[in-house]
Protein chains: 4
Amino acid sequence: MEFQIKCHLGYEISGPASFLFNVAVAQNSFQRIITEHLEVAGGESCREILIGAQRYHRLTAQRGAVELNYEAVVDATHELLGDPSRIQVPLFEQIPAEAMVFIYPSRFCQSDLLARLAKREFKQDESGFYRVTRICNWIFERVEYLRGTTTPTTSAFDTATQLAGVCRDFAHLAIAFCRSLGIPARFVSAYAYGLNPADFHAYIEAFLGGRWILFDPTRLAPQSSFVRIGQGRDAADTSFATIFGGAVMNKMELSMEPRTGRQNSPEYTTAPISNYPSTAQSE
Amino acid sequence: MEFQIKCHLGYEISGPASFLFNVAVAQNSFQRIITEHLEVAGGESCREILIGAQRYHRLTAQRGAVELNYEAVVDATHELLGDPSRIQVPLFEQIPAEAMVFIYPSRFCQSDLLARLAKREFKQDESGFYRVTRICNWIFERVEYLRGTTTPTTSAFDTATQLAGVCRDFAHLAIAFCRSLGIPARFVSAYAYGLNPADFHAYIEAFLGGRWILFDPTRLAPQSSFVRIGQGRDAADTSFATIFGGAVMNKMELSMEPRTGRQNSPEYTTAPISNYPSTAQSE
Amino acid sequence: MEFQIKCHLGYEISGPASFLFNVAVAQNSFQRIITEHLEVAGGESCREILIGAQRYHRLTAQRGAVELNYEAVVDATHELLGDPSRIQVPLFEQIPAEAMVFIYPSRFCQSDLLARLAKREFKQDESGFYRVTRICNWIFERVEYLRGTTTPTTSAFDTATQLAGVCRDFAHLAIAFCRSLGIPARFVSAYAYGLNPADFHAYIEAFLGGRWILFDPTRLAPQSSFVRIGQGRDAADTSFATIFGGAVMNKMELSMEPRTGRQNSPEYTTAPISNYPSTAQSE
Amino acid sequence: MEFQIKCHLGYEISGPASFLFNVAVAQNSFQRIITEHLEVAGGESCREILIGAQRYHRLTAQRGAVELNYEAVVDATHELLGDPSRIQVPLFEQIPAEAMVFIYPSRFCQSDLLARLAKREFKQDESGFYRVTRICNWIFERVEYLRGTTTPTTSAFDTATQLAGVCRDFAHLAIAFCRSLGIPARFVSAYAYGLNPADFHAYIEAFLGGRWILFDPTRLAPQSSFVRIGQGRDAADTSFATIFGGAVMNKMELSMEPRTGRQNSPEYTTAPISNYPSTAQSE
């Protein structure tokens with residue numbers, strides 16, 4: 001399905017500042033970029049670099065205003081993975097090297113601190129897919145989606161008891177629970193259709209049955225509309241803008257629309273799907 | 001310089017358990033393995049896997065006792081990097097892809113929470129090497145080396161105020177301060193000569209002047225004796241044993257000795273040295 | 001019922017140290033002290049002071065050993081409070097002044113952080129007595145009683161997710177939940193019969209229906225054997241020994257026995273009981 | 001010196017709500033209330049209660065708007081306490097009962113976690129007054145006064161490393177350091193002249209030389225203008241409004257002016273002063 005994506009960011013610079021933007025959509029066999037345009041005003045030497053399969057844009061600025069305009073038309077597809085009752089948690093000894101780092105605790109996903117809670121709440125025997133689904137349902141039912149209740153330093157350990165937050169908090173808690181149970185899990189930043197207000201989205205991928213399978217504990221947007229920007233251990237790895245120096249954001253406008261002429265609209269699903277290639281890739 | 005290393009670990013297994021050992025020394029141009037022997041009793045199918053340049057040994061066990069014996073003779077060298085006043089913090093836009101992930105906050109190194117403290121304490125203008133040296137001196141002077149005051153969940157944020165800990169706590173705080181200041185920094189697990197009692201050691205590497213330079217805020221062992229096992233974002237990535245299932249450690253004996261016949265003994269230095277190759281390597 | 005209580009504490013003093021012991025049993029209409037003897041060796045000028053109704057013994061020492069021996073025979077009774085379905089949570093505007101401070105969050109009972117969790121888990125409409133009973137059952141079922149998993153700095157916020165601890169951790173979490181729901185609750189330190197190994201015990205009192213009612217989420221000892229030492233907002237207020245200066249504890253022996261010749265043994269109950277007088281008393 | 005104080009608070013009530021206001025000025029020998037008027041619109045049965053020497057106003061409301069208007073003219077004085085070099089930290093064994101609770105850690109003042117830092121930073125031998133002055137200077141120099149960087153759950157442990165906050169954060173950290181060093185210290189909520197924007201103020205009192213001496217690490221308002229509302233272990237005890245139920249504040253207007261016709265204006269001082277009577281009072 002094709003989507004028109006727009007992202008407009010603006011900053012006021014009070015002194016030398018370096019930016020690392022991560023807003024361009026990733027390129028892989030499930031995401032075909034049909035057209036794309038990225039333009040930056042106000043800085044020097046914008047340069048694209050790849051870290052893993054993620055596309056970053058680097059920029060330095062001395063003073064004044066910096067504006068980034070990104071537009072893309074993307075054809076996003078995904079793969080339906082078949083019988084959910086057969087999608088298993090990998091045996092620890094069969095987790096491939098590239099998935100191993102996603103089993104360790106990270107800044108915002110303290111799986112080491114949540115191990116007892118995870119084991120207590122999710123001890124039932126079931127397939128890996130059903131287990132992660134149950135983790136996401138548990139979070140959806142207990143955690144209230146409330147803007148303004150959390151900060152950029154809020155972590156899964158906080159959310160497990162404070163029970164309020166936004167998509168990144170939902171994702172962090174789901175990831176932490178997965179890792180506590182021996183399931184590699186990672187954070188995905190994405191564009192998604194229908195968020196109100198429009199914003200970057202965050203969801204998770206769990207490594208089950210040899211694939212990175214997509215889960216979204218927020219249920220705020222249809223999964224078939226997810227267009228990946230990047231993935232990492234948690235939000236610390238996947239910020240849309242990492243900045244060193246004096247800069248204040250004064251503009252953030254996003255939009256995402258299905259392309260005209262296409263009939264079917266994005267859909268919610270409870271079936272196992274993946275939009276990440278199965279070939280082993282390093283982090 | 002050549003060292004004889006021995007590592008003996010023992011576990012009692014109460015149910016099915018999977019082990020991921022990371023005790024074998026890394027192989028690179030600064031570390032030549034002369035002889036090596038790894039033997040495991042009590043489990044099944046011990047298999048070596050590489051994650052990045054790190055060597056892991058995987059094992060499953062159903063019950064009873066598991067014992068790991070590792071012995072190696074290693075020739076460890078390092079490179080002296082020249083004038084410390086010229087070893088600079090990299091410009092943010094020049095940090096290579098493989099070092100970028102080491103600038104993000106991690107589970108035990110919350111550089112996001114320590115940014116004001118780091119900027120206040122280390123604001124002086126100086127070369128990158130002197131700046132990291134000053135960070136390590138600050139920690140050495142303020143943090144008391146005290147076994148039993150911290151736990152596996154203690155983080156840099158705790159140590160910054162609690163001011164007591166062991167080598168991993170010293171390393172976590174140094175890493176967090178570096179990252180707060182825009183310096184990529186990572187955690188290294190190693191064998192080191194002269195620790196009393198013998199134990200695994202932890203020190204840090206900061207990415208300065210295009211190289212991973214070695215720093216040790218504990219001053220507990222001569223740097224020329226460090227033999228790398230592995231490196232990662234923090235202790236979460238570099239545990240000598242990651243275990244899923246029911247196992248209790250009942251034995252841990254390490255020893256490290258310079259090889260007989262060699263005259264010079266390991267030495268402390270305040271000069272910039274590296275024992276990690278300069279070629280770009282993924283995490 | 002009469003109990004013979006013994007408490008023997010020993011310390012090694014490395015420099016001038018001041019002690020504030022809180023080991024003598026409280027005196028009120030439910031606890032009659034039949035005989036009592038407190039003896040201190042090694043310090044200067046042991047003096048009893050009263051803070052509220054709590055009995056403290058103060059002592060200073062310069063060096064060497066300090067030993068405290070306390071023995072008492074106490075007749076402990078309690079009051080059965082009648083129909084549990086009628087014991088209500090006080091309306092906020094009817095909480096008496098002396099109970100108000102026990103509604104605020106405290107060092108180890110962060111009721112402000114646990115409000116959503118408390119409201120989610122205990123939202124059912126029921127009498128105050130049943131509500132606090134349900135809180136204690138929730139804790140008993142979820143939190144594992146495990147020595148060595150927590151430290152003196154562990155708080156209710158930790159225990160809510162880490163789900164392991166000892167009697168003080170159980171009490172802190174129960175208190176925090178009560179306060180989150182508008183129920184004044186406090187921490188009681190006590191001697192209790194049958195603990196293995198013998199130790200000081202901690203339980204809680206909730207202010208319901210105009211009385212301080214006794215609850216013990218650990219179920220480790222029969223309530224009719226509880227002999228109160230003191231009460232406070234949490235463990236910070238009720239330590240058996242607060243010490244300033246250089247002292248290391250090297251002995252702690254407690255014992256508690258029903259007095260010979262008495263037939264009935266201490267009993268567990270799920271009925272509402274109180275062993276604190278109903279007259280208003282300041283904190 | 002006489003001050004005209006006004007306080008206007010407004011709330012929107014979405015369901016039954018109970019309020020406990022603590023906005024009326026305390027009455028003691030240093031604060032003479034010349035005229036006073038408190039009026040509440042929209043609730044039921046506003047009633048004054050005393051907890052310790054603090055004046056609370058209780059109120060319940062079912063729906064609609066609640067408004068509180070408080071006006072007072074107060075003559076505030078204080079006592080100059082003489083030679084600062086003679087104002088000593090009390091020996092632990094001489095701390096009176098009513099000051100003892102202010103030596104324990106509390107919700108927002110985790111003196112147990114900050115003990116090493118306090119001992120390291122403030123180890124110099126000096127009088128108690130100079131020591132607490134140095135604590136306040138340390139905080140003033142390191143912690144940035146920045147609205148919006150902290151939340152109602154921020155504690156001294158956070159501020160010690162995050163180094164930003166508002167008056168309550170400054171006070172919490174000062175209190176925690178004092179207690180770590182064996183000095184009883186407490187939180188005072190007050191009206192103060194010259195705050196911009198007008199707001200409730202928070203400062204601390206340390207118990208030194210037998211008196212509660214006033215310190216303000218923020219230096220934001222002249223101490224001679226402080227008019228006490230109440231005091232407690234920390235902000236948890238001294239909120240201007242504790243609310244159970246559904247209420248949202250939509251108005252808060254404060255003002256404080258020296259009364260016309262008086263010549264001298266409020267003054268800053270670095271001398272030891274107290275505005276709390278020396279007679280023992282319970283918490």
# chains A, B, ... in the order shown; residues from 1 in each chain; ligands from 1
>>> closest_atom_pairs(of="chain A", to="chain B", cutoff="9 Å", atoms="only C-alpha atoms", output="CSV")
residue,atom,partner,partner_atom,distance
A:Ser18,CA,B:Phe92,CA,6.5
A:Phe19,CA,B:Glu93,CA,8.0
A:Leu20,CA,B:Glu93,CA,8.1
A:Ile49,CA,B:Ala97,CA,7.6
A:Leu50,CA,B:Ala97,CA,7.1
A:Ile51,CA,B:Ala97,CA,5.4
A:Gly52,CA,B:Ala97,CA,8.3
A:Arg58,CA,B:Glu93,CA,6.4
A:Leu59,CA,B:Glu93,CA,7.1
A:Thr60,CA,B:Glu93,CA,7.4
A:Leu91,CA,B:Ser18,CA,8.7
A:Phe92,CA,B:Ser18,CA,6.5
A:Glu93,CA,B:Arg58,CA,6.3
A:Ala97,CA,B:Ile51,CA,5.4
A:Glu98,CA,B:Ile51,CA,7.4
A:Met100,CA,B:Ile51,CA,8.2
A:Val101,CA,B:Asp237,CA,7.1
A:Tyr104,CA,B:Ala236,CA,6.0
A:Pro105,CA,B:Arg107,CA,6.1
A:Ser106,CA,B:Arg107,CA,4.1
A:Arg107,CA,B:Arg107,CA,3.6
A:Phe108,CA,B:Arg107,CA,6.9
A:Cys109,CA,B:Arg107,CA,7.6
A:Gln110,CA,B:Arg107,CA,6.8
A:Asp112,CA,B:Thr153,CA,7.6
A:Leu113,CA,B:Thr153,CA,7.6
A:Thr153,CA,B:Leu113,CA,7.6
A:Leu181,CA,B:Phe244,CA,8.8
A:Gly182,CA,B:Phe244,CA,7.3
A:Ala236,CA,B:Tyr104,CA,6.0
A:Asp237,CA,B:Tyr104,CA,6.5
A:Phe244,CA,B:Gly182,CA,7.3
A:Ser282,CA,B:Ser282,CA,8.2
A:Glu283,CA,B:Glu283,CA,7.9
>>> write_last_selection(atoms="N, CA, C and O atoms", output="short mmCIF file (atom, residue, chain, number, x, y, z; two decimals), in the first residue's frame")
data_model
loop_
_atom_site.label_atom_id
_atom_site.label_comp_id
_atom_site.auth_asym_id
_atom_site.auth_seq_id
_atom_site.Cartn_x
_atom_site.Cartn_y
_atom_site.Cartn_z
N SER A 18 25.27 20.30 16.55
CA SER A 18 25.36 19.19 15.60
C SER A 18 24.10 18.37 15.70
O SER A 18 23.64 18.06 16.80
N PHE A 19 23.56 18.01 14.54
CA PHE A 19 22.32 17.23 14.50
C PHE A 19 22.58 15.88 13.84
O PHE A 19 23.35 15.78 12.89
N LEU A 20 21.91 14.88 14.37
CA LEU A 20 21.86 13.58 13.71
C LEU A 20 20.39 13.24 13.57
O LEU A 20 19.75 12.84 14.54
N ILE A 49 24.40 9.15 6.35
CA ILE A 49 25.23 8.00 6.72
C ILE A 49 24.33 6.84 7.09
O ILE A 49 23.20 7.01 7.51
N LEU A 50 24.87 5.66 6.92
CA LEU A 50 24.14 4.45 7.27
C LEU A 50 24.73 3.87 8.54
O LEU A 50 25.95 3.70 8.65
N ILE A 51 23.89 3.56 9.51
CA ILE A 51 24.35 2.79 10.67
C ILE A 51 23.46 1.57 10.69
O ILE A 51 22.27 1.67 10.93
N GLY A 52 24.05 0.41 10.44
CA GLY A 52 23.22 -0.75 10.14
C GLY A 52 22.46 -0.42 8.87
O GLY A 52 23.01 0.10 7.91
N ARG A 58 23.30 13.93 8.90
CA ARG A 58 24.12 14.71 9.81
C ARG A 58 24.24 16.12 9.32
O ARG A 58 24.37 16.38 8.13
N LEU A 59 24.36 17.03 10.28
CA LEU A 59 24.30 18.44 9.96
C LEU A 59 24.96 19.20 11.08
O LEU A 59 24.82 18.86 12.25
N THR A 60 25.67 20.26 10.73
CA THR A 60 26.13 21.18 11.78
C THR A 60 25.59 22.56 11.45
O THR A 60 25.31 22.88 10.29
N LEU A 91 14.75 -21.35 21.28
CA LEU A 91 15.60 -21.85 22.35
C LEU A 91 16.77 -20.89 22.50
O LEU A 91 17.29 -20.36 21.51
N PHE A 92 17.17 -20.67 23.72
CA PHE A 92 18.23 -19.71 23.99
C PHE A 92 19.46 -20.01 23.13
O PHE A 92 20.09 -19.11 22.59
N GLU A 93 19.77 -21.30 22.97
CA GLU A 93 20.98 -21.66 22.25
C GLU A 93 20.81 -21.52 20.73
O GLU A 93 21.77 -21.69 19.99
N ALA A 97 23.24 -14.67 16.32
CA ALA A 97 24.11 -13.62 16.84
C ALA A 97 23.48 -12.25 16.73
O ALA A 97 23.52 -11.45 17.67
N GLU A 98 22.84 -11.95 15.59
CA GLU A 98 22.34 -10.58 15.41
C GLU A 98 21.15 -10.26 16.30
O GLU A 98 20.79 -9.10 16.45
N MET A 100 20.99 -11.53 19.53
CA MET A 100 21.41 -11.69 20.93
C MET A 100 21.42 -10.37 21.71
O MET A 100 21.00 -10.34 22.87
N VAL A 101 21.91 -9.29 21.12
CA VAL A 101 22.00 -8.05 21.90
C VAL A 101 20.62 -7.56 22.34
O VAL A 101 20.50 -6.77 23.27
N TYR A 104 19.46 -8.37 26.10
CA TYR A 104 20.05 -7.72 27.27
C TYR A 104 19.20 -6.54 27.72
O TYR A 104 18.54 -5.89 26.90
N PRO A 105 19.25 -6.19 29.01
CA PRO A 105 18.54 -4.99 29.46
C PRO A 105 19.18 -3.75 28.85
O PRO A 105 20.37 -3.74 28.55
N SER A 106 18.38 -2.72 28.64
CA SER A 106 18.90 -1.48 28.07
C SER A 106 18.40 -0.29 28.89
O SER A 106 17.65 -0.46 29.86
N ARG A 107 18.81 0.90 28.49
CA ARG A 107 18.52 2.11 29.27
C ARG A 107 17.07 2.20 29.74
O ARG A 107 16.82 2.51 30.91
N PHE A 108 16.15 1.98 28.84
CA PHE A 108 14.74 2.20 29.18
C PHE A 108 13.96 0.89 29.34
O PHE A 108 12.77 0.91 29.58
N CYS A 109 14.64 -0.23 29.16
CA CYS A 109 13.99 -1.55 29.24
C CYS A 109 14.76 -2.43 30.23
O CYS A 109 15.55 -3.28 29.81
N GLN A 110 14.52 -2.22 31.52
CA GLN A 110 15.30 -2.91 32.55
C GLN A 110 14.73 -4.29 32.81
O GLN A 110 14.16 -4.55 33.87
N ASP A 112 16.13 -6.85 33.67
CA ASP A 112 16.69 -7.47 34.87
C ASP A 112 15.84 -7.17 36.11
O ASP A 112 15.73 -7.97 37.01
N LEU A 113 15.24 -5.99 36.16
CA LEU A 113 14.44 -5.61 37.32
C LEU A 113 13.01 -6.14 37.24
O LEU A 113 12.31 -6.16 38.24
N THR A 153 12.91 10.68 30.28
CA THR A 153 13.71 9.79 31.12
C THR A 153 12.86 8.68 31.75
O THR A 153 13.39 7.85 32.49
N LEU A 181 11.67 -12.78 29.68
CA LEU A 181 11.24 -14.16 29.42
C LEU A 181 12.13 -14.84 28.39
O LEU A 181 11.80 -15.92 27.89
N GLY A 182 13.25 -14.21 28.02
CA GLY A 182 14.16 -14.85 27.09
C GLY A 182 13.82 -14.62 25.62
O GLY A 182 14.36 -15.30 24.75
N ALA A 236 16.52 5.23 23.19
CA ALA A 236 17.83 5.89 23.19
C ALA A 236 18.53 5.72 21.86
O ALA A 236 19.29 6.59 21.43
N ASP A 237 18.29 4.62 21.18
CA ASP A 237 18.95 4.32 19.90
C ASP A 237 18.23 4.92 18.70
O ASP A 237 18.79 4.93 17.60
N PHE A 244 23.74 17.71 19.73
CA PHE A 244 24.73 18.21 20.68
C PHE A 244 24.89 19.70 20.45
O PHE A 244 25.17 20.13 19.34
N SER A 282 23.18 -7.42 10.85
CA SER A 282 23.76 -6.99 12.13
C SER A 282 22.96 -5.81 12.65
O SER A 282 22.27 -5.13 11.91
N GLU A 283 23.11 -5.55 13.94
CA GLU A 283 22.29 -4.53 14.63
C GLU A 283 22.27 -3.22 13.88
O GLU A 283 23.30 -2.68 13.57
#
>>> residues_around(residues="Phe122 (chain B)", least_positions_apart="2", cutoff="12 Å", atoms="only C-alpha atoms", output="PyMOL selection string")
chain B and resi 114-120+124-128+130-139+174+177-178+180-181
>>> write_last_selection(atoms="C-alpha atoms", output="PDB file, in the first residue's frame")
ATOM      1  CA  LEU B 114      24.160  12.936  34.280  1.00  0.00           C
ATOM      2  CA  ALA B 115      24.553  15.623  31.622  1.00  0.00           C
ATOM      3  CA  ARG B 116      24.485  18.666  33.925  1.00  0.00           C
ATOM      4  CA  LEU B 117      26.840  17.100  36.425  1.00  0.00           C
ATOM      5  CA  ALA B 118      29.285  16.137  33.684  1.00  0.00           C
ATOM      6  CA  LYS B 119      29.193  19.579  32.114  1.00  0.00           C
ATOM      7  CA  ARG B 120      29.667  21.262  35.469  1.00  0.00           C
ATOM      8  CA  GLN B 124      37.441  23.028  31.226  1.00  0.00           C
ATOM      9  CA  ASP B 125      38.926  23.282  27.784  1.00  0.00           C
ATOM     10  CA  GLU B 126      41.581  20.635  27.191  1.00  0.00           C
ATOM     11  CA  SER B 127      42.416  17.783  24.882  1.00  0.00           C
ATOM     12  CA  GLY B 128      40.108  14.789  24.798  1.00  0.00           C
ATOM     13  CA  TYR B 130      43.203  14.939  29.323  1.00  0.00           C
ATOM     14  CA  ARG B 131      39.453  15.317  29.697  1.00  0.00           C
ATOM     15  CA  VAL B 132      38.830  11.585  30.028  1.00  0.00           C
ATOM     16  CA  THR B 133      41.849  11.331  32.295  1.00  0.00           C
ATOM     17  CA  ARG B 134      40.279  13.994  34.489  1.00  0.00           C
ATOM     18  CA  ILE B 135      36.986  12.086  34.545  1.00  0.00           C
ATOM     19  CA  CYS B 136      38.828   8.969  35.704  1.00  0.00           C
ATOM     20  CA  ASN B 137      40.773  10.903  38.342  1.00  0.00           C
ATOM     21  CA  TRP B 138      37.542  12.476  39.615  1.00  0.00           C
ATOM     22  CA  ILE B 139      36.055   9.006  40.049  1.00  0.00           C
ATOM     23  CA  ALA B 174      33.253   6.972  33.643  1.00  0.00           C
ATOM     24  CA  PHE B 177      30.311  11.012  31.970  1.00  0.00           C
ATOM     25  CA  CYS B 178      32.100  10.556  28.633  1.00  0.00           C
ATOM     26  CA  SER B 180      27.297  13.104  28.464  1.00  0.00           C
ATOM     27  CA  LEU B 181      30.143  15.131  26.976  1.00  0.00           C
TER      28      LEU B 181
END
>>> residues_around(residues="Asp169 (chain D)", least_positions_apart="5", cutoff="9 Å", atoms="only C-alpha atoms", output="number ranges by chain")
D: 108, 150, 154-156, 159, 164, 174, 202
>>> write_last_selection(atoms="all heavy atoms", output="JSON list (two decimals), in the first residue's frame")
[["chain", "number", "residue", "atom", "x", "y", "z"],
["D", 108, "PHE", "N", 11.16, 12.61, 50.06],
["D", 108, "PHE", "CA", 11.91, 13.39, 49.07],
["D", 108, "PHE", "C", 13.32, 13.75, 49.54],
["D", 108, "PHE", "O", 14.05, 14.44, 48.83],
["D", 108, "PHE", "CB", 11.12, 14.66, 48.70],
["D", 108, "PHE", "CG", 9.80, 14.37, 48.08],
["D", 108, "PHE", "CD1", 8.61, 14.66, 48.73],
["D", 108, "PHE", "CD2", 9.72, 13.76, 46.83],
["D", 108, "PHE", "CE1", 7.38, 14.37, 48.15],
["D", 108, "PHE", "CE2", 8.50, 13.47, 46.24],
["D", 108, "PHE", "CZ", 7.32, 13.77, 46.91],
["D", 150, "THR", "N", 11.65, 19.76, 36.71],
["D", 150, "THR", "CA", 11.33, 18.73, 37.70],
["D", 150, "THR", "C", 9.83, 18.55, 37.81],
["D", 150, "THR", "O", 9.06, 19.35, 37.30],
["D", 150, "THR", "CB", 11.91, 19.10, 39.08],
["D", 150, "THR", "OG1", 11.49, 20.43, 39.42],
["D", 150, "THR", "CG2", 13.42, 19.06, 39.05],
["D", 154, "THR", "N", 10.02, 14.45, 41.85],
["D", 154, "THR", "CA", 11.47, 14.63, 41.90],
["D", 154, "THR", "C", 11.94, 14.71, 43.36],
["D", 154, "THR", "O", 11.34, 15.39, 44.17],
["D", 154, "THR", "CB", 11.87, 15.92, 41.17],
["D", 154, "THR", "OG1", 11.41, 15.84, 39.83],
["D", 154, "THR", "CG2", 13.38, 16.12, 41.19],
["D", 155, "SER", "N", 13.05, 14.02, 43.65],
["D", 155, "SER", "CA", 13.55, 13.97, 45.02],
["D", 155, "SER", "C", 14.99, 14.46, 45.11],
["D", 155, "SER", "O", 15.66, 14.68, 44.11],
["D", 155, "SER", "CB", 13.48, 12.54, 45.53],
["D", 155, "SER", "OG", 14.44, 11.76, 44.85],
["D", 156, "ALA", "N", 15.47, 14.60, 46.34],
["D", 156, "ALA", "CA", 16.85, 15.05, 46.57],
["D", 156, "ALA", "C", 17.86, 14.15, 45.87],
["D", 156, "ALA", "O", 18.88, 14.62, 45.36],
["D", 156, "ALA", "CB", 17.15, 15.09, 48.07],
["D", 159, "THR", "N", 18.02, 15.36, 42.35],
["D", 159, "THR", "CA", 18.58, 16.70, 42.21],
["D", 159, "THR", "C", 20.09, 16.71, 42.44],
["D", 159, "THR", "O", 20.80, 17.51, 41.84],
["D", 159, "THR", "CB", 17.86, 17.66, 43.17],
["D", 159, "THR", "OG1", 16.45, 17.59, 42.90],
["D", 159, "THR", "CG2", 18.33, 19.09, 42.99],
["D", 164, "ALA", "N", 19.21, 20.61, 38.65],
["D", 164, "ALA", "CA", 18.27, 21.64, 38.23],
["D", 164, "ALA", "C", 16.98, 21.46, 39.00],
["D", 164, "ALA", "O", 16.65, 20.34, 39.40],
["D", 164, "ALA", "CB", 18.00, 21.55, 36.73],
["D", 174, "ALA", "N", 19.05, 20.28, 50.42],
["D", 174, "ALA", "CA", 19.69, 20.83, 51.62],
["D", 174, "ALA", "C", 19.32, 20.02, 52.86],
["D", 174, "ALA", "O", 20.17, 19.69, 53.70],
["D", 174, "ALA", "CB", 19.29, 22.30, 51.80],
["D", 202, "ALA", "N", 9.51, 27.77, 49.49],
["D", 202, "ALA", "CA", 9.94, 26.70, 50.38],
["D", 202, "ALA", "C", 11.37, 27.00, 50.81],
["D", 202, "ALA", "O", 12.20, 27.37, 49.97],
["D", 202, "ALA", "CB", 9.89, 25.35, 49.65]]
>>> select_by_dssp(residues="region 3-224 of chain D", states="helix (DSSP H, G or I)", output="PyMOL selection string")
chain D and resi 84-86+92-94+97-103+115-121+128-142+156-162+167-180+223-224
>>> select_by_dssp(residues="region 10-187 of chain B", states="strand (DSSP E or B)", output="MDAnalysis selection string")
chainID B and resid 10:21 28 31:41 44:51 54:61 64:76 79:80 106 109 144:145 164:165 185:187
>>> atom_distance(atom1="CA of Gln4 (chain A)", atom2="CA of Phe215 (chain A)")
23.1 Å
